[in-house]
Amino acid sequence: MGGAYNVQIVKGAQSAAYPLLERLIAGRLHDPFALLGAQRADGAADRFVIRVFDPQARAAFIDAGDGWREASPLGATGAFELRVPERPPRPWRVRFERGDGMREGVDPYAFAPSISEHDRFLFNAGRLHEAYRTLGSQPMVQAGVAGTRFAVWAPNAERVSVVGDFNGWDGRLHPLAAPGASGLWEIFVPGVGPGNLYKFEVAARSGGVVLKTDPYAQSFEMRPGTASRVAQRSSYAWGDDAWRSARIRRDWLHAPLNAYEVHAGSWRRHPDGRPLGYRELAETLVPYVRDLGCTHIEFLPLTEHPLDESWGYQTTGYFAPTSRYGPPDDLRYLIDCCHRAGLGVILDWVPGHFPEDAAGLARFDGTALYEHEDPRRGFHAEWGTRVFNYGRHEVQTFLLASAHYWLSEFHFDGLRVDAVASMLYLDYARKAGEWLPNVRGGRENLEAMAFLRELNVVVHREFPGCITIAEESTAWPMVSRPVHLGGLGFSMKWNLGWMHDTLGYLAHDPVYRRFHHDALTFPRLYAYSENFVLPLSHDEVVHGKGSLLARMPGDAWQRFANLRLLVALQIAWPGKKLNFMGNELAQRGEWNAASELDWTTAAGEARHAGVGRLVRDLNRLYRDLPALHDLDFDERGFDWIDCHDAEQSVLVFLRRARDGAVLVAAFNFTPVVRHRYRIGVPLRGAWREVCNTDSRHYGGGDVGNGSAVWSSDVAAMGFAQSLELTLPPLAALLLQPQAS
């Protein structure tokens, strides 16, 4: 649409309009309000003309408040005008007579642009944090007329039109205006409302016309379609006021956080293969996770995305919940149900890159608008995606507003920011010569650093109690330290080093583990350099890595015992917790996003069920015992008891809480029972096993120490008291002093 077509223009008294009319017809008129709508008549300062346009119209009739009158054609152009004695006091109606019938409605060019200069200034300054209330499609009433205002940023376009199912996708009918120098285009289209599909037709100054989905759209049609949809303003009645009030007071530094990571489309499915919708997840997932003993659900991206195989990490709708699982209010219902069940909800959010889809953000107005022009800054060869230009204030507005939107409109309790390392390093996944240094000659992306700091400042200021978590895979310093101290300002950071070292250690046959003992002890050296989350995430059970169970060595008994060891070590080690769905089932196969978890095997085999019981029991211990979570981020919460017994592959440490509560964790990483194994303890008296991963209840052999073990006055490992234990094979013991 929008190209030139054959017309006849009859020169006459209205000749001053013709240069603009020619550009309108050619689809190159930058300011349609200079031609259409109410205009002063040529040579008559006290009279007006109303000009209307429909390229398919044979005649036009206008009602400016005094009844229908036929407008005069400006040649065979589809443009018509009607002389009126004064500017009409209210919006006028127009009726076009076309070969396919009549088209009637209020003229969109009866409404002046309405975005305030202040909002335009804030947008250009990177500070319009609620831009989702201004840009995109906004249903509203103007001058008593219901319709939708469309607004989009395209500073280098020659013309922008909104096209949709309401105008036959014809870019000639509704070109937008771009007043001022903000680069924002807008138009109010009467009669358009929630449910209508639309796109923006963008004519670049350099030539060429493209159809683009709305960057600020809050709803999309179902894939494989890519049109935006005018969203219904939410009327959802939230019931989580108590949760949100408590969240403000929540001391997340010392509170338990144990997240269940979920891909919504493959947790459970209908018998015919359809994924569950948001409301169905509310009825099934929420009680399941609550019973599992977790504190939070973390969803892989629920933002709209065209490719199922991307799991949401190649986002096209930064303000739109994916339509795969239902409308936006259904997602609100799911989150509300989580909160009323005592569960927090974290959203995976992807500000690091975006896909090259033709309808998306890439070269939005014919130029590298959201990305860098130079591929050495603007292209991720590893993922085939574009990199945001964080130095542009308008891009900052876009991303900050997206974060604000999810926390404000959907009540998420936090954002897990994906691929932070790819944002911070200019040479990320690039060879020499494939990247450009910063202005100081270094490899750090200074603009991304500034953006991330601003993101965290905004989130923590505007949404007290909400958290931000960085998936940052390097040793970048102070990721989870406050901005005012020079940090990036995240609440927490994924500890990918712990994950890598621990899984690597457990992959060794137990006979060789004594040569790799430092893989278990080394993470203690940096355990408090950041506020860490210990992740056993989706990344560890896909792309040929196999499930956690499949990665364990040995026969079936050893594999299950090793998996139980891993589960216990994660709970006992300092740091908040995250597990991907299915880890609790001891899945045999790796995760497949195209099908549901292996519920049948998990329910039908005793060892799988045993792992599930262990996970539930450990999750409850982590939540209920302050020694396991209170000082997760404070080195006062951890002491080695014995980190040197590499020969027997035994590890023993102490966890503490601020109130003085203690817990001892002992691990035997070999299939050999260790009898009369002496460990030092800080308190005299009886110590009871609060967890033994070799319990028959969990599928083990029931080797252990009975209900309680009494200390003796034998000094060991720097303590005046000690316990003599039986350490079960390939098992962990958690021991707590028994109240007298």
# chains A, B, ... in the order shown; residues from 1 in each chain; ligands from 1

$ closest_atom_pairs --of "region 336-401 of chain A" --to "region 295-307 of chain A" --cutoff "7 Å" --atoms "only C-alpha atoms" --output "Markdown table"
| residue | atom | partner | partner_atom | distance |
| --- | --- | --- | --- | --- |
| A:Leu343 | CA | A:His296 | CA | 5.0 |
| A:Gly344 | CA | A:His296 | CA | 4.4 |
| A:Val345 | CA | A:Ile297 | CA | 5.0 |
| A:Ile346 | CA | A:Glu298 | CA | 4.5 |
| A:Leu347 | CA | A:Phe299 | CA | 5.2 |
| A:Asp348 | CA | A:Pro301 | CA | 4.8 |
| A:Trp349 | CA | A:Pro301 | CA | 6.0 |

$ residues_around --residues "Val84 (chain A)" --least-positions-apart "6" --cutoff "8 Å" --atoms "only C-alpha atoms" --output "JSON, numbers by chain"
{"A": [47, 48, 49, 50]}

$ atom_distance --atom1 "CA of Arg655 (chain A)" --atom2 "CA of Gln570 (chain A)"
12.9 Å

$ atom_distance --atom1 "CA of Trp640 (chain A)" --atom2 "CA of Tyr677 (chain A)"
16.0 Å

$ closest_residue --among "A:Phe53, A:Phe319, A:Phe166, A:Trp311" --to "Pro194 (chain A)" --atoms "only C-alpha atoms"
A:Phe166

$ atom_distance --atom1 "CA of Gly265 (chain A)" --atom2 "CA of Asn456 (chain A)"
29.3 Å

$ residues_around --residues "Trp476 (chain A)" --least-positions-apart "3" --cutoff "9 Å" --atoms "only C-alpha atoms" --output "NGL selection string"
:A and (421 or 424 or 472-473 or 479)

$ write_last_selection --atoms "C-alpha atoms" --output "PDB file, in the first residue's frame"
ATOM      1  CA  ALA A 421      27.128 -10.718  30.187  1.00  0.00           C
ATOM      2  CA  LEU A 424      28.218  -5.804  29.406  1.00  0.00           C
ATOM      3  CA  GLU A 472      25.655 -12.885  34.490  1.00  0.00           C
ATOM      4  CA  SER A 473      28.129 -15.610  33.634  1.00  0.00           C
ATOM      5  CA  VAL A 479      26.737  -6.988  39.994  1.00  0.00           C
TER       6      VAL A 479
END

$ closest_residue --among "A:Val160, A:Val690, A:Val387, A:Leu74" --to "Met423 (chain A)" --atoms "only C-alpha atoms"
A:Val387

$ closest_residue --among "A:Val664, A:Ala231, A:Ala41, A:Leu520" --to "Ala320 (chain A)" --atoms "only C-alpha atoms"
A:Ala231

$ residues_around --residues "Leu569 (chain A)" --least-positions-apart "4" --cutoff "10 Å" --atoms "only C-alpha atoms" --output "PDB file with C-alpha atoms, in the first residue's frame"
ATOM      1  CA  THR A 502      29.222 -28.845  41.253  1.00  0.00           C
ATOM      2  CA  LEU A 520      33.458 -28.442  45.925  1.00  0.00           C
ATOM      3  CA  LEU A 563      20.970 -36.786  42.428  1.00  0.00           C
ATOM      4  CA  ARG A 564      19.759 -36.775  46.027  1.00  0.00           C
ATOM      5  CA  LEU A 565      23.223 -35.572  47.066  1.00  0.00           C
ATOM      6  CA  TRP A 573      25.010 -24.296  50.424  1.00  0.00           C
ATOM      7  CA  PRO A 574      24.737 -20.538  51.015  1.00  0.00           C
ATOM      8  CA  ALA A 665      25.623 -30.541  56.865  1.00  0.00           C
ATOM      9  CA  ALA A 666      27.764 -33.633  56.173  1.00  0.00           C
ATOM     10  CA  PHE A 667      28.237 -35.145  52.696  1.00  0.00           C
ATOM     11  CA  ALA A 731      24.339 -39.354  50.914  1.00  0.00           C
ATOM     12  CA  ALA A 732      23.942 -36.172  52.919  1.00  0.00           C
ATOM     13  CA  LEU A 733      23.040 -35.664  56.564  1.00  0.00           C
TER      14      LEU A 733
END

$ select_by_dssp --residues "region 247-373 of chain A" --states "helix (DSSP H, G or I)" --output "JSON, numbers by chain"
{"A": [247, 248, 249, 278, 279, 280, 281, 282, 283, 284, 285, 286, 287, 288, 289, 290, 291, 292, 308, 309, 310, 323, 324, 325, 328, 329, 330, 331, 332, 333, 334, 335, 336, 337, 338, 339, 340]}

$ residues_around --residues "Pro510 (chain A)" --least-positions-apart "5" --cutoff "12 Å" --atoms "only C-alpha atoms" --output "PDB file with N, CA and C atoms, in the first residue's frame"
ATOM      1  N   TYR A 505      31.854 -31.831  39.164  1.00  0.00           N
ATOM      2  CA  TYR A 505      32.362 -32.747  40.187  1.00  0.00           C
ATOM      3  C   TYR A 505      31.524 -34.019  40.238  1.00  0.00           C
ATOM      4  N   PHE A 515      40.366 -36.573  43.469  1.00  0.00           N
ATOM      5  CA  PHE A 515      41.295 -35.718  42.726  1.00  0.00           C
ATOM      6  C   PHE A 515      40.662 -34.377  42.333  1.00  0.00           C
ATOM      7  N   HIS A 516      39.367 -34.238  42.621  1.00  0.00           N
ATOM      8  CA  HIS A 516      38.650 -33.022  42.194  1.00  0.00           C
ATOM      9  C   HIS A 516      37.939 -32.360  43.375  1.00  0.00           C
ATOM     10  N   HIS A 517      38.420 -32.619  44.567  1.00  0.00           N
ATOM     11  CA  HIS A 517      37.760 -32.129  45.775  1.00  0.00           C
ATOM     12  C   HIS A 517      37.654 -30.605  45.787  1.00  0.00           C
ATOM     13  N   MET A 552      24.347 -38.072  36.088  1.00  0.00           N
ATOM     14  CA  MET A 552      25.006 -38.688  37.235  1.00  0.00           C
ATOM     15  C   MET A 552      25.651 -40.013  36.810  1.00  0.00           C
ATOM     16  N   PRO A 553      26.814 -40.356  37.338  1.00  0.00           N
ATOM     17  CA  PRO A 553      27.509 -41.595  36.948  1.00  0.00           C
ATOM     18  C   PRO A 553      26.995 -42.816  37.714  1.00  0.00           C
ATOM     19  N   GLY A 554      27.385 -43.993  37.228  1.00  0.00           N
ATOM     20  CA  GLY A 554      27.115 -45.232  37.943  1.00  0.00           C
ATOM     21  C   GLY A 554      25.851 -45.928  37.503  1.00  0.00           C
ATOM     22  N   ASP A 555      25.507 -46.967  38.250  1.00  0.00           N
ATOM     23  CA  ASP A 555      24.294 -47.713  37.954  1.00  0.00           C
ATOM     24  C   ASP A 555      23.087 -46.926  38.452  1.00  0.00           C
ATOM     25  N   GLN A 558      23.264 -45.681  42.058  1.00  0.00           N
ATOM     26  CA  GLN A 558      24.206 -44.575  42.248  1.00  0.00           C
ATOM     27  C   GLN A 558      23.694 -43.286  41.617  1.00  0.00           C
ATOM     28  N   ARG A 559      23.058 -43.387  40.466  1.00  0.00           N
ATOM     29  CA  ARG A 559      22.566 -42.168  39.825  1.00  0.00           C
ATOM     30  C   ARG A 559      21.529 -41.468  40.708  1.00  0.00           C
ATOM     31  N   ALA A 561      21.167 -41.837  43.966  1.00  0.00           N
ATOM     32  CA  ALA A 561      21.828 -41.371  45.190  1.00  0.00           C
ATOM     33  C   ALA A 561      22.601 -40.082  44.931  1.00  0.00           C
ATOM     34  N   ASN A 562      23.301 -40.029  43.795  1.00  0.00           N
ATOM     35  CA  ASN A 562      24.034 -38.805  43.453  1.00  0.00           C
ATOM     36  C   ASN A 562      23.084 -37.623  43.253  1.00  0.00           C
ATOM     37  N   ALA A 646      39.720 -34.930  51.216  1.00  0.00           N
ATOM     38  CA  ALA A 646      39.582 -35.296  49.809  1.00  0.00           C
ATOM     39  C   ALA A 646      39.712 -36.797  49.616  1.00  0.00           C
ATOM     40  N   GLU A 647      40.530 -37.447  50.421  1.00  0.00           N
ATOM     41  CA  GLU A 647      40.786 -38.869  50.234  1.00  0.00           C
ATOM     42  C   GLU A 647      39.502 -39.687  50.371  1.00  0.00           C
ATOM     43  N   GLN A 648      38.648 -39.296  51.311  1.00  0.00           N
ATOM     44  CA  GLN A 648      37.386 -40.023  51.492  1.00  0.00           C
ATOM     45  C   GLN A 648      36.204 -39.292  50.850  1.00  0.00           C
ATOM     46  N   SER A 649      36.479 -38.159  50.205  1.00  0.00           N
ATOM     47  CA  SER A 649      35.444 -37.364  49.531  1.00  0.00           C
ATOM     48  C   SER A 649      34.296 -37.021  50.469  1.00  0.00           C
ATOM     49  N   VAL A 650      34.670 -36.526  51.640  1.00  0.00           N
ATOM     50  CA  VAL A 650      33.701 -36.099  52.644  1.00  0.00           C
ATOM     51  C   VAL A 650      33.820 -34.596  52.820  1.00  0.00           C
ATOM     52  N   ASN A 668      28.835 -37.373  52.041  1.00  0.00           N
ATOM     53  CA  ASN A 668      29.727 -38.465  51.668  1.00  0.00           C
ATOM     54  C   ASN A 668      29.542 -38.712  50.167  1.00  0.00           C
ATOM     55  N   PHE A 669      30.542 -38.362  49.385  1.00  0.00           N
ATOM     56  CA  PHE A 669      30.423 -38.429  47.929  1.00  0.00           C
ATOM     57  C   PHE A 669      30.963 -39.736  47.346  1.00  0.00           C
ATOM     58  N   THR A 670      31.064 -40.766  48.182  1.00  0.00           N
ATOM     59  CA  THR A 670      31.465 -42.089  47.694  1.00  0.00           C
ATOM     60  C   THR A 670      30.393 -43.103  48.086  1.00  0.00           C
ATOM     61  N   PRO A 671      30.353 -44.251  47.403  1.00  0.00           N
ATOM     62  CA  PRO A 671      29.369 -45.289  47.753  1.00  0.00           C
ATOM     63  C   PRO A 671      29.816 -46.171  48.914  1.00  0.00           C
ATOM     64  N   VAL A 672      30.765 -45.691  49.700  1.00  0.00           N
ATOM     65  CA  VAL A 672      31.296 -46.445  50.839  1.00  0.00           C
ATOM     66  C   VAL A 672      30.724 -45.865  52.129  1.00  0.00           C
ATOM     67  N   PRO A 729      26.246 -44.049  52.359  1.00  0.00           N
ATOM     68  CA  PRO A 729      26.939 -43.969  51.069  1.00  0.00           C
ATOM     69  C   PRO A 729      26.220 -43.015  50.113  1.00  0.00           C
ATOM     70  N   LEU A 730      27.011 -42.204  49.417  1.00  0.00           N
ATOM     71  CA  LEU A 730      26.468 -41.249  48.449  1.00  0.00           C
ATOM     72  C   LEU A 730      25.255 -40.538  49.034  1.00  0.00           C
TER      73      LEU A 730
END

$ residues_around --residues "Pro737 (chain A)" --least-positions-apart "2" --cutoff "10 Å" --atoms "only C-alpha atoms" --output "list in words"
Ala661, Val662, Leu663, Val664, Val681, Pro682, Leu683, Arg684, Gly685, Ala686, Trp687, Arg688, Glu689, Val690, Ala708, Val709, Trp710, Ser711, Leu735, Ala739 and Ser740 of chain A
